[in-house]
$ cat protein_23.pdb   # PDB, C-alpha atoms
ATOM      1  CA  MET A   1      76.234 -25.605  -0.940
ATOM      2  CA  LEU A   2      75.921 -25.277   2.819
ATOM      3  CA  LYS A   3      75.684 -21.621   3.764
ATOM      4  CA  ASP A   4      76.067 -19.854   7.064
ATOM      5  CA  SER A   5      72.747 -18.250   7.996
ATOM      6  CA  ALA A   6      74.686 -15.302   9.407
ATOM      7  CA  THR A   7      75.378 -14.246   5.829
ATOM      8  CA  ASP A   8      71.945 -12.641   5.424
ATOM      9  CA  SER A   9      72.304  -9.023   4.408
ATOM     10  CA  LEU A  10      70.554  -5.844   5.428
ATOM     11  CA  ASP A  11      69.945  -3.375   2.583
ATOM     12  CA  GLY A  12      72.453  -5.295   0.484
ATOM     13  CA  VAL A  13      75.283  -5.045   3.020
ATOM     14  CA  PRO A  14      76.700  -8.353   4.332
ATOM     15  CA  ALA A  15      75.835  -8.927   7.983
ATOM     16  CA  GLY A  16      79.209 -10.432   8.816
ATOM     17  CA  PHE A  17      81.856 -12.946   7.888
ATOM     18  CA  GLN A  18      80.497 -15.527   5.426
ATOM     19  CA  HIS A  19      81.677 -19.076   5.987
ATOM     20  CA  GLU A  20      80.326 -21.690   3.593
ATOM     21  CA  ALA A  21      81.054 -25.319   2.772
ATOM     22  CA  PHE A  22      80.232 -28.014   0.273
ATOM     23  CA  VAL A  23      80.904 -31.738  -0.105
ATOM     24  CA  TYR A  24      82.069 -33.157  -3.419
ATOM     25  CA  ALA A  25      82.298 -36.790  -4.471
ATOM     26  CA  SER A  26      83.912 -36.248  -7.873
ATOM     27  CA  ASP A  27      85.957 -33.771  -9.877
ATOM     28  CA  GLU A  28      82.778 -32.705 -11.644
ATOM     29  CA  GLU A  29      81.043 -31.905  -8.360
ATOM     30  CA  PHE A  30      84.059 -29.935  -7.185
ATOM     31  CA  VAL A  31      83.983 -27.863 -10.377
ATOM     32  CA  ARG A  32      80.219 -27.379 -10.255
ATOM     33  CA  GLN A  33      80.424 -25.947  -6.721
ATOM     34  CA  SER A  34      83.685 -24.027  -6.780
ATOM     35  CA  VAL A  35      83.596 -22.293 -10.176
ATOM     36  CA  PRO A  36      80.396 -20.268  -9.528
ATOM     37  CA  PHE A  37      81.929 -19.110  -6.239
ATOM     38  CA  VAL A  38      85.022 -17.861  -8.077
ATOM     39  CA  HIS A  39      82.879 -16.215 -10.764
ATOM     40  CA  ASP A  40      80.918 -14.373  -8.065
ATOM     41  CA  GLY A  41      84.202 -12.982  -6.801
ATOM     42  CA  LEU A  42      85.355 -12.023 -10.282
ATOM     43  CA  ALA A  43      82.092 -10.178 -10.898
ATOM     44  CA  THR A  44      82.667  -7.982  -7.842
ATOM     45  CA  ASP A  45      86.403  -7.432  -8.529
ATOM     46  CA  ALA A  46      87.229  -9.167  -5.248
ATOM     47  CA  THR A  47      90.607 -10.511  -4.218
ATOM     48  CA  ILE A  48      90.334 -14.244  -4.896
ATOM     49  CA  VAL A  49      92.622 -16.760  -3.207
ATOM     50  CA  ALA A  50      92.328 -20.540  -3.594
ATOM     51  CA  VAL A  51      94.194 -22.557  -0.964
ATOM     52  CA  LEU A  52      93.765 -26.142  -2.130
ATOM     53  CA  PRO A  53      95.663 -29.422  -2.499
ATOM     54  CA  PRO A  54      97.660 -29.585  -5.755
ATOM     55  CA  ASP A  55      95.195 -31.837  -7.615
ATOM     56  CA  ARG A  56      92.309 -29.436  -6.861
ATOM     57  CA  ILE A  57      94.408 -26.481  -8.011
ATOM     58  CA  ALA A  58      95.138 -28.185 -11.342
ATOM     59  CA  ILE A  59      91.460 -28.933 -11.981
ATOM     60  CA  LEU A  60      90.301 -25.445 -11.049
ATOM     61  CA  ARG A  61      93.007 -23.758 -13.137
ATOM     62  CA  GLU A  62      92.090 -25.780 -16.199
ATOM     63  CA  THR A  63      88.365 -25.132 -15.797
ATOM     64  CA  LEU A  64      88.730 -21.389 -15.263
ATOM     65  CA  GLY A  65      90.893 -20.954 -18.336
ATOM     66  CA  GLU A  66      92.040 -17.357 -18.817
ATOM     67  CA  SER A  67      90.159 -16.299 -15.672
ATOM     68  CA  ALA A  68      92.635 -18.334 -13.597
ATOM     69  CA  ALA A  69      95.125 -15.487 -13.997
ATOM     70  CA  ARG A  70      92.959 -13.416 -11.638
ATOM     71  CA  VAL A  71      93.083 -16.063  -8.896
ATOM     72  CA  ARG A  72      95.974 -16.542  -6.482
ATOM     73  CA  PHE A  73      96.605 -20.263  -5.995
ATOM     74  CA  ILE A  74      98.312 -21.587  -2.839
ATOM     75  CA  ASP A  75      99.220 -25.209  -2.048
ATOM     76  CA  MET A  76      97.255 -26.150   1.071
ATOM     77  CA  THR A  77      99.579 -29.067   1.830
ATOM     78  CA  VAL A  78     102.328 -26.489   2.402
ATOM     79  CA  ALA A  79     100.538 -23.379   3.720
ATOM     80  CA  GLY A  80      98.113 -25.369   5.862
ATOM     81  CA  ARG A  81     100.217 -28.371   6.813
ATOM     82  CA  ASN A  82      99.901 -26.997  10.337
ATOM     83  CA  PRO A  83      96.281 -25.713  10.311
ATOM     84  CA  ALA A  84      97.116 -23.202  13.060
ATOM     85  CA  ARG A  85      98.987 -21.140  10.453
ATOM     86  CA  LEU A  86      95.860 -20.565   8.349
ATOM     87  CA  ILE A  87      94.158 -17.878  10.446
ATOM     88  CA  PRO A  88      97.302 -15.686  10.308
ATOM     89  CA  PHE A  89      97.505 -16.428   6.578
ATOM     90  CA  TRP A  90      93.932 -15.283   5.910
ATOM     91  CA  ARG A  91      94.370 -12.317   8.263
ATOM     92  CA  GLU A  92      97.273 -11.166   6.084
ATOM     93  CA  ILE A  93      95.234 -11.657   2.898
ATOM     94  CA  VAL A  94      92.327  -9.614   4.279
ATOM     95  CA  GLY A  95      94.702  -6.902   5.455
ATOM     96  CA  GLN A  96      96.442  -6.679   2.086
ATOM     97  CA  ALA A  97      93.115  -6.369   0.267
ATOM     98  CA  GLY A  98      92.840  -2.766   1.449
ATOM     99  CA  GLY A  99      89.089  -2.839   1.985
ATOM    100  CA  ARG A 100      88.272  -4.881  -1.135
ATOM    101  CA  ALA A 101      86.131  -7.975  -0.696
ATOM    102  CA  VAL A 102      88.053 -11.239  -0.298
ATOM    103  CA  TYR A 103      86.764 -14.544  -1.695
ATOM    104  CA  GLY A 104      88.661 -17.546  -0.376
ATOM    105  CA  LEU A 105      88.494 -21.231  -1.273
ATOM    106  CA  SER A 106      90.058 -23.308   1.497
ATOM    107  CA  GLU A 107      90.242 -27.103   1.569
ATOM    108  CA  CYS A 108      91.832 -27.553   4.957
ATOM    109  CA  VAL A 109      90.344 -31.013   5.620
ATOM    110  CA  TYR A 110      91.866 -32.846   2.678
ATOM    111  CA  PRO A 111      92.407 -36.601   2.160
ATOM    112  CA  GLY A 112      95.700 -37.973   3.436
ATOM    113  CA  ARG A 113      96.036 -36.022   6.671
ATOM    114  CA  THR A 114      96.862 -37.914   9.850
ATOM    115  CA  THR A 115      94.167 -38.271  12.504
ATOM    116  CA  ALA A 116      95.814 -35.563  14.610
ATOM    117  CA  ALA A 117      95.973 -33.201  11.631
ATOM    118  CA  TYR A 118      92.306 -33.880  10.806
ATOM    119  CA  ASP A 119      91.382 -32.948  14.367
ATOM    120  CA  GLU A 120      93.309 -29.678  14.120
ATOM    121  CA  ALA A 121      91.848 -28.882  10.700
ATOM    122  CA  LEU A 122      88.333 -29.266  12.095
ATOM    123  CA  LEU A 123      89.197 -27.144  15.135
ATOM    124  CA  HIS A 124      90.514 -24.522  12.721
ATOM    125  CA  GLU A 125      87.160 -24.431  10.928
ATOM    126  CA  GLY A 126      85.376 -23.454  14.141
ATOM    127  CA  LEU A 127      88.047 -21.009  15.276
ATOM    128  CA  THR A 128      87.851 -19.256  11.904
ATOM    129  CA  ASP A 129      84.330 -18.124  12.808
ATOM    130  CA  ILE A 130      85.695 -16.467  15.939
ATOM    131  CA  ALA A 131      88.746 -14.921  14.288
ATOM    132  CA  PHE A 132      86.842 -13.275  11.411
ATOM    133  CA  ALA A 133      83.409 -12.640  12.904
ATOM    134  CA  ALA A 134      83.696  -8.886  12.289
ATOM    135  CA  ASP A 135      85.096  -9.127   8.737
ATOM    136  CA  SER A 136      82.018  -8.465   6.608
ATOM    137  CA  GLY A 137      84.051  -8.295   3.399
ATOM    138  CA  PHE A 138      85.464 -11.802   3.779
ATOM    139  CA  ARG A 139      83.699 -14.765   2.198
ATOM    140  CA  LEU A 140      85.288 -18.188   2.752
ATOM    141  CA  CYS A 141      84.128 -21.383   1.047
ATOM    142  CA  CYS A 142      85.488 -24.731   2.254
ATOM    143  CA  PRO A 143      85.294 -27.833   0.042
ATOM    144  CA  PHE A 144      85.182 -31.243   1.742
ATOM    145  CA  ALA A 145      85.955 -34.426  -0.182
ATOM    146  CA  ALA A 146      83.284 -37.044   0.492
ATOM    147  CA  THR A 147      86.042 -39.599   1.091
ATOM    148  CA  VAL A 148      87.056 -37.937   4.359
ATOM    149  CA  GLY A 149      83.673 -38.902   5.789
ATOM    150  CA  ILE A 150      82.989 -35.593   7.534
ATOM    151  CA  ASP A 151      79.671 -33.763   7.692
ATOM    152  CA  PRO A 152      80.519 -30.050   7.355
ATOM    153  CA  THR A 153      77.170 -29.032   8.898
ATOM    154  CA  ALA A 154      78.657 -30.121  12.232
ATOM    155  CA  HIS A 155      81.711 -27.924  11.800
ATOM    156  CA  HIS A 156      80.360 -24.730  10.296
ATOM    157  CA  SER A 157      78.199 -22.014  11.769
ATOM    158  CA  SER A 158      74.454 -22.318  11.925
ATOM    159  CA  THR A 159      73.242 -19.182  13.678
ATOM    160  CA  GLU A 160      75.410 -16.089  14.005
ATOM    161  CA  HIS A 161      78.513 -18.299  14.093
ATOM    162  CA  SER A 162      77.386 -19.959  17.334
ATOM    163  CA  GLY A 163      77.689 -23.440  15.805
ATOM    164  CA  GLY A 164      81.337 -23.124  14.890
ATOM    165  CA  GLU A 165      82.222 -21.324  18.114
ATOM    166  CA  ALA A 166      80.479 -23.893  20.297
ATOM    167  CA  LEU A 167      82.243 -26.808  18.619
ATOM    168  CA  ALA A 168      85.611 -25.071  18.835
ATOM    169  CA  GLU A 169      85.079 -24.342  22.533
ATOM    170  CA  LYS A 170      84.129 -27.950  23.244
ATOM    171  CA  THR A 171      87.125 -29.314  21.335
ATOM    172  CA  PHE A 172      89.566 -26.862  22.900
ATOM    173  CA  ARG A 173      88.381 -27.738  26.428
ATOM    174  CA  THR A 174      88.581 -31.528  25.888
ATOM    175  CA  PRO A 175      91.914 -33.262  26.640
ATOM    176  CA  LEU A 176      93.777 -34.922  23.796
ATOM    177  CA  ASN A 177      93.921 -38.701  23.584
ATOM    178  CA  ASP A 178      96.058 -40.363  26.236
ATOM    179  CA  VAL A 179      99.827 -40.464  25.952
ATOM    180  CA  PRO A 180     100.741 -44.021  24.839
ATOM    181  CA  ASP A 181     102.362 -46.404  27.296
ATOM    182  CA  ARG A 182     105.461 -46.631  25.093
ATOM    183  CA  ALA A 183     106.227 -42.917  25.561
ATOM    184  CA  GLU A 184     109.280 -41.819  27.542
ATOM    185  CA  ARG A 185     108.452 -39.320  30.298
ATOM    186  CA  TRP A 186     110.254 -36.517  32.077
ATOM    187  CA  GLU A 187     109.009 -34.337  34.945
ATOM    188  CA  PHE A 188     110.643 -30.914  34.756
ATOM    189  CA  GLY A 189     111.009 -27.627  36.568
ATOM    190  CA  LEU A 190     112.991 -24.476  35.866
ATOM    191  CA  ALA A 191     116.346 -26.063  36.694
ATOM    192  CA  ASP A 192     115.700 -28.922  34.259
ATOM    193  CA  LEU A 193     115.098 -26.965  31.045
ATOM    194  CA  GLY A 194     118.640 -27.331  29.723
ATOM    195  CA  ASP A 195     118.695 -31.073  30.386
ATOM    196  CA  VAL A 196     115.237 -31.481  28.814
ATOM    197  CA  ARG A 197     116.395 -29.837  25.601
ATOM    198  CA  LYS A 198     119.527 -32.005  25.434
ATOM    199  CA  TRP A 199     117.486 -35.140  26.058
ATOM    200  CA  VAL A 200     114.952 -34.331  23.329
ATOM    201  CA  ASN A 201     117.761 -33.449  20.919
ATOM    202  CA  GLY A 202     119.201 -36.890  21.564
ATOM    203  CA  GLN A 203     115.839 -38.508  20.882
ATOM    204  CA  ALA A 204     115.404 -36.484  17.682
ATOM    205  CA  SER A 205     118.920 -37.237  16.446
ATOM    206  CA  SER A 206     118.549 -40.971  17.053
ATOM    207  CA  HIS A 207     115.433 -40.984  14.844
ATOM    208  CA  GLY A 208     116.960 -39.093  11.945
ATOM    209  CA  VAL A 209     115.670 -35.557  12.499
ATOM    210  CA  SER A 210     117.907 -33.081  10.656
ATOM    211  CA  ARG A 211     119.983 -30.524  12.567
ATOM    212  CA  ASP A 212     117.849 -27.594  11.366
ATOM    213  CA  ARG A 213     114.610 -29.316  12.324
ATOM    214  CA  MET A 214     116.150 -30.356  15.645
ATOM    215  CA  ASP A 215     116.980 -26.721  16.385
ATOM    216  CA  ASP A 216     113.409 -25.693  15.514
ATOM    217  CA  LEU A 217     111.954 -28.344  17.802
ATOM    218  CA  GLY A 218     114.364 -27.469  20.602
ATOM    219  CA  LEU A 219     113.384 -23.800  20.501
ATOM    220  CA  ALA A 220     109.653 -24.565  20.311
ATOM    221  CA  LEU A 221     109.877 -27.044  23.185
ATOM    222  CA  HIS A 222     111.872 -24.620  25.330
ATOM    223  CA  GLU A 223     109.183 -21.958  24.846
ATOM    224  CA  VAL A 224     106.336 -24.333  25.676
ATOM    225  CA  CYS A 225     108.093 -25.788  28.735
ATOM    226  CA  THR A 226     108.883 -22.271  29.956
ATOM    227  CA  ASN A 227     105.182 -21.442  29.670
ATOM    228  CA  SER A 228     104.373 -24.460  31.844
ATOM    229  CA  ILE A 229     106.711 -23.183  34.528
ATOM    230  CA  ARG A 230     105.428 -19.584  34.321
ATOM    231  CA  PHE A 231     101.705 -20.265  34.021
ATOM    232  CA  GLY A 232     101.170 -23.927  34.889
ATOM    233  CA  GLY A 233     102.213 -24.172  38.499
ATOM    234  CA  GLY A 234     105.991 -24.158  38.240
ATOM    235  CA  ARG A 235     106.373 -27.666  36.834
ATOM    236  CA  GLY A 236     105.326 -29.746  33.863
ATOM    237  CA  ALA A 237     105.401 -33.245  32.404
ATOM    238  CA  LEU A 238     107.033 -34.043  29.079
ATOM    239  CA  SER A 239     106.260 -37.212  27.120
ATOM    240  CA  VAL A 240     108.008 -38.212  23.892
ATOM    241  CA  TRP A 241     107.150 -40.934  21.379
ATOM    242  CA  ILE A 242     107.053 -41.776  17.643
ATOM    243  CA  GLU A 243     103.721 -41.771  15.831
ATOM    244  CA  ASN A 244     102.806 -41.715  12.124
ATOM    245  CA  GLY A 245     106.329 -40.842  11.050
ATOM    246  CA  SER A 246     106.684 -37.956  13.491
ATOM    247  CA  LEU A 247     108.474 -37.332  16.772
ATOM    248  CA  VAL A 248     105.749 -36.221  19.197
ATOM    249  CA  CYS A 249     106.491 -34.136  22.309
ATOM    250  CA  ASP A 250     103.582 -33.669  24.714
ATOM    251  CA  VAL A 251     103.892 -31.014  27.439
ATOM    252  CA  ALA A 252     101.255 -31.064  30.183
ATOM    253  CA  ASP A 253     100.732 -28.853  33.234
ATOM    254  CA  HIS A 254      98.004 -27.649  35.604
ATOM    255  CA  GLY A 255      97.384 -24.217  34.092
ATOM    256  CA  ARG A 256      94.443 -22.970  32.067
ATOM    257  CA  ILE A 257      94.391 -20.954  28.841
ATOM    258  CA  ASP A 258      91.254 -18.919  28.227
ATOM    259  CA  ASP A 259      92.012 -17.551  24.753
ATOM    260  CA  LEU A 260      90.872 -20.051  22.114
ATOM    261  CA  LEU A 261      92.933 -18.238  19.476
ATOM    262  CA  VAL A 262      96.205 -18.500  21.393
ATOM    263  CA  GLY A 263      99.071 -19.195  18.996
ATOM    264  CA  ARG A 264      96.957 -18.242  15.966
ATOM    265  CA  VAL A 265      97.000 -14.475  16.467
ATOM    266  CA  MET A 266     100.303 -12.661  16.908
ATOM    267  CA  PRO A 267     100.424 -11.512  20.557
ATOM    268  CA  PRO A 268     101.400  -7.897  21.251
ATOM    269  CA  LEU A 269     105.054  -7.286  22.020
ATOM    270  CA  ASP A 270     104.190  -6.021  25.483
ATOM    271  CA  GLY A 271     101.622  -8.749  26.198
ATOM    272  CA  LEU A 272     101.927 -11.515  28.799
ATOM    273  CA  GLY A 273     102.066 -14.987  27.322
ATOM    274  CA  GLY A 274     101.023 -16.366  23.956
ATOM    275  CA  ARG A 275     104.306 -15.856  22.137
ATOM    276  CA  GLY A 276     105.622 -19.329  22.950
ATOM    277  CA  VAL A 277     102.680 -21.110  21.327
ATOM    278  CA  TRP A 278     102.807 -18.723  18.361
ATOM    279  CA  LEU A 279     106.479 -19.538  17.864
ATOM    280  CA  ALA A 280     105.845 -23.283  18.190
ATOM    281  CA  ASN A 281     103.234 -23.071  15.438
ATOM    282  CA  GLN A 282     105.790 -21.491  13.113
ATOM    283  CA  LEU A 283     108.488 -24.069  13.882
ATOM    284  CA  CYS A 284     106.646 -27.399  14.103
ATOM    285  CA  ASP A 285     104.798 -29.430  11.479
ATOM    286  CA  LEU A 286     101.738 -29.659  13.718
ATOM    287  CA  VAL A 287     100.808 -28.251  17.118
ATOM    288  CA  GLN A 288      97.823 -29.405  19.177
ATOM    289  CA  LEU A 289      96.705 -27.387  22.188
ATOM    290  CA  ARG A 290      93.921 -28.161  24.627
ATOM    291  CA  SER A 291      93.187 -26.411  27.928
ATOM    292  CA  GLY A 292      90.443 -26.412  30.537
ATOM    293  CA  ASP A 293      89.971 -26.330  34.285
ATOM    294  CA  GLY A 294      93.271 -27.416  35.803
ATOM    295  CA  PHE A 295      94.969 -28.700  32.655
ATOM    296  CA  THR A 296      96.850 -27.581  29.574
ATOM    297  CA  GLN A 297      98.358 -29.852  26.911
ATOM    298  CA  VAL A 298     100.590 -28.743  24.070
ATOM    299  CA  ARG A 299     101.572 -31.500  21.658
ATOM    300  CA  LEU A 300     104.347 -30.793  19.127
ATOM    301  CA  HIS A 301     104.741 -32.962  16.009
ATOM    302  CA  THR A 302     107.988 -32.968  13.988
ATOM    303  CA  ARG A 303     108.295 -35.132  10.887
ATOM    304  CA  LEU A 304     111.212 -37.531  10.920
ATOM    305  CA  ARG A 305     111.799 -37.311   7.175
TER     306      ARG A 305
END
$ encode --input "protein_23.pdb" --output "structure tokens"
Amino acid sequence: MLKDSATDSLDGVPAGFQHEAFVYASDEEFVRQSVPFVHDGLATDATIVAVLPPDRIAILRETLGESAARVRFIDMTVAGRNPARLIPFWREIVGQAGGRAVYGLSECVYPGRTTAAYDEALLHEGLTDIAFAADSGFRLCCPFAATVGIDPTAHHSSTEHSGGEALAEKTFRTPLNDVPDRAERWEFGLADLGDVRKWVNGQASSHGVSRDRMDDLGLALHEVCTNSIRFGGGRGALSVWIENGSLVCDVADHGRIDDLLVGRVMPPLDGLGGRGVWLANQLCDLVQLRSGDGFTQVRLHTRLR
């Protein structure tokens, strides 16, 4: 098992958030690595939460036997379909623990994700180090299936969480892949927001998006486009296309976002900015955000079926 070197303790007290990972190539390897982790949590009367794909849940339940009743199982393909929802999820779990230790199993990078979702799952791994750096009672172990072809040593902390933070910073500051030539484009300003929403609704309807999902997308897109006008120079560029069974809306402007956790931590009610991206993450199947000097991209993915 790969372990974060920041987990060294002083006089038996954890030095900080513990973020671990392991790679498994078979069901047996998954069991051999995950069960001792759960047993460690059981021995300390910790809150234990396993957020895994359904097949991993079934295997772990069966192996744990009666002990499985002390573990809370969550379907990762639902809770973590949009990886940006996982930091708020774990923040709630830690808060509800009331000071008790929390042991989490989290297979965010699972087989079957799209390329865009893989990218966001890996970004989430690095951002987790930032979000929970001060939570000494939280121990998170992340299984990686060997079939996904990812080396977790490149995505987990190496020294005082600097590894994960550095990778997250680099990813966040690097633009997403280019908008495809087939995309339809719309330049917008404040006066265009109503027309933009109607146009996207038409695109969504023509591709079979349900009315409820269309309303969710329309609200998320309105919030993101409004942010472009407020913080990105007064105008933005919207591109829309179909990719991997999803309607993709890319909003680009010339602003810069400094907070790497934007949209993953609930902004204060009296704060400036951040609420639009938070809302988009709750409404869309996947949200990608990148920002650096002179650019911000927010890419919203809505499944067609």
$ resolve_selection --input "protein_23.pdb" --expression "the PyMOL selection byres ((chain A and resi 77) around 8)" --output "number ranges by chain"
A: 52-54, 75-76, 78-81
$ residues_near_point --input "protein_23.pdb" --point "(100.5, -14.7, 24.2)" --cutoff "12 Å" --atoms "all atoms listed in the file" --output "list of chain:residue names"
A:Glu223, A:Val224, A:Asn227, A:Phe231, A:Ile257, A:Asp258, A:Asp259, A:Leu260, A:Leu261, A:Val262, A:Gly263, A:Arg264, A:Val265, A:Met266, A:Pro267, A:Pro268, A:Leu269, A:Asp270, A:Gly271, A:Leu272, A:Gly273, A:Gly274, A:Arg275, A:Gly276, A:Val277, A:Trp278, A:Leu279, A:Ala280
$ residues_around --input "protein_23.pdb" --residues "Ser26 of chain A" --least-positions-apart "6" --cutoff "12 Å" --atoms "only C-alpha atoms" --output "CSV table (one decimal) with C-alpha atoms, in the coordinates of the input"
chain,number,residue,atom,x,y,z
A,32,ARG,CA,80.2,-27.4,-10.3
A,33,GLN,CA,80.4,-25.9,-6.7
A,56,ARG,CA,92.3,-29.4,-6.9
A,59,ILE,CA,91.5,-28.9,-12.0
A,143,PRO,CA,85.3,-27.8,0.0
A,144,PHE,CA,85.2,-31.2,1.7
A,145,ALA,CA,86.0,-34.4,-0.2
A,146,ALA,CA,83.3,-37.0,0.5
A,147,THR,CA,86.0,-39.6,1.1
$ resolve_selection --input "protein_23.pdb" --expression "the PyMOL selection byres ((chain A and resi 288) around 9)" --output "VMD selection string"
chain A and resid 84 116 to 117 119 to 120 176 286 to 287 289 to 290 297 to 301
$ write_last_selection --input "protein_23.pdb" --atoms "C-alpha atoms" --output "tab-separated table (two decimals), keeping the file's coordinate frame"
chain	number	residue	atom	x	y	z
A	84	ALA	CA	97.12	-23.20	13.06
A	116	ALA	CA	95.81	-35.56	14.61
A	117	ALA	CA	95.97	-33.20	11.63
A	119	ASP	CA	91.38	-32.95	14.37
A	120	GLU	CA	93.31	-29.68	14.12
A	176	LEU	CA	93.78	-34.92	23.80
A	286	LEU	CA	101.74	-29.66	13.72
A	287	VAL	CA	100.81	-28.25	17.12
A	289	LEU	CA	96.70	-27.39	22.19
A	290	ARG	CA	93.92	-28.16	24.63
A	297	GLN	CA	98.36	-29.85	26.91
A	298	VAL	CA	100.59	-28.74	24.07
A	299	ARG	CA	101.57	-31.50	21.66
A	300	LEU	CA	104.35	-30.79	19.13
A	301	HIS	CA	104.74	-32.96	16.01
$ closest_residue --input "protein_23.pdb" --among "A:Leu221, A:Val179, A:Ala50, A:Val200" --to "Tyr103 of chain A" --atoms "all atoms listed in the file"
A:Ala50
$ atom_distance --input "protein_23.pdb" --atom1 "atom CA of Ala191 of chain A" --atom2 "atom CA of Ala220 of chain A"
17.8 Å
$ atom_distance --input "protein_23.pdb" --atom1 "atom CA of Leu127 of chain A" --atom2 "atom CA of Thr44 of chain A"
27.1 Å
$ decode --input "protein_23.pdb" --residues "segment 184-219 of chain A" --atoms "C-alpha atoms" --output "compact mmCIF listing (two decimals), in the first residue's frame"
# COMPACT_ATOMS: atom_id res chain seq x y z
CA GLU A 184 -21.52 25.62 -32.35
CA ARG A 185 -20.32 28.92 -30.86
CA TRP A 186 -21.94 31.99 -29.36
CA GLU A 187 -20.27 35.18 -28.11
CA PHE A 188 -22.35 36.69 -25.31
CA GLY A 189 -22.65 39.70 -23.05
CA LEU A 190 -25.16 40.71 -20.40
CA ALA A 191 -27.91 41.49 -22.91
CA ASP A 192 -27.57 38.04 -24.50
CA LEU A 193 -28.14 35.82 -21.45
CA GLY A 194 -31.82 35.20 -22.14
CA ASP A 195 -31.18 34.31 -25.78
CA VAL A 196 -28.26 32.06 -24.80
CA ARG A 197 -30.46 30.06 -22.44
CA LYS A 198 -33.19 29.67 -25.07
CA TRP A 199 -30.65 28.58 -27.66
CA VAL A 200 -29.09 25.95 -25.39
CA ASN A 201 -32.54 24.70 -24.39
CA GLY A 202 -33.27 24.20 -28.07
CA GLN A 203 -30.03 22.28 -28.52
CA ALA A 204 -30.76 20.13 -25.46
CA SER A 205 -34.34 19.42 -26.52
CA SER A 206 -33.31 18.40 -30.03
CA HIS A 207 -30.94 15.80 -28.55
CA GLY A 208 -33.45 14.26 -26.16
CA VAL A 209 -32.55 15.91 -22.85
CA SER A 210 -35.52 15.69 -20.48
CA ARG A 211 -37.33 18.83 -19.31
CA ASP A 212 -36.02 18.49 -15.73
CA ARG A 213 -32.44 18.02 -16.89
CA MET A 214 -32.86 20.89 -19.35
CA ASP A 215 -33.95 23.16 -16.51
CA ASP A 216 -30.93 22.08 -14.44
CA LEU A 217 -28.56 22.79 -17.32
CA GLY A 218 -30.21 26.12 -18.07
CA LEU A 219 -29.81 27.30 -14.48
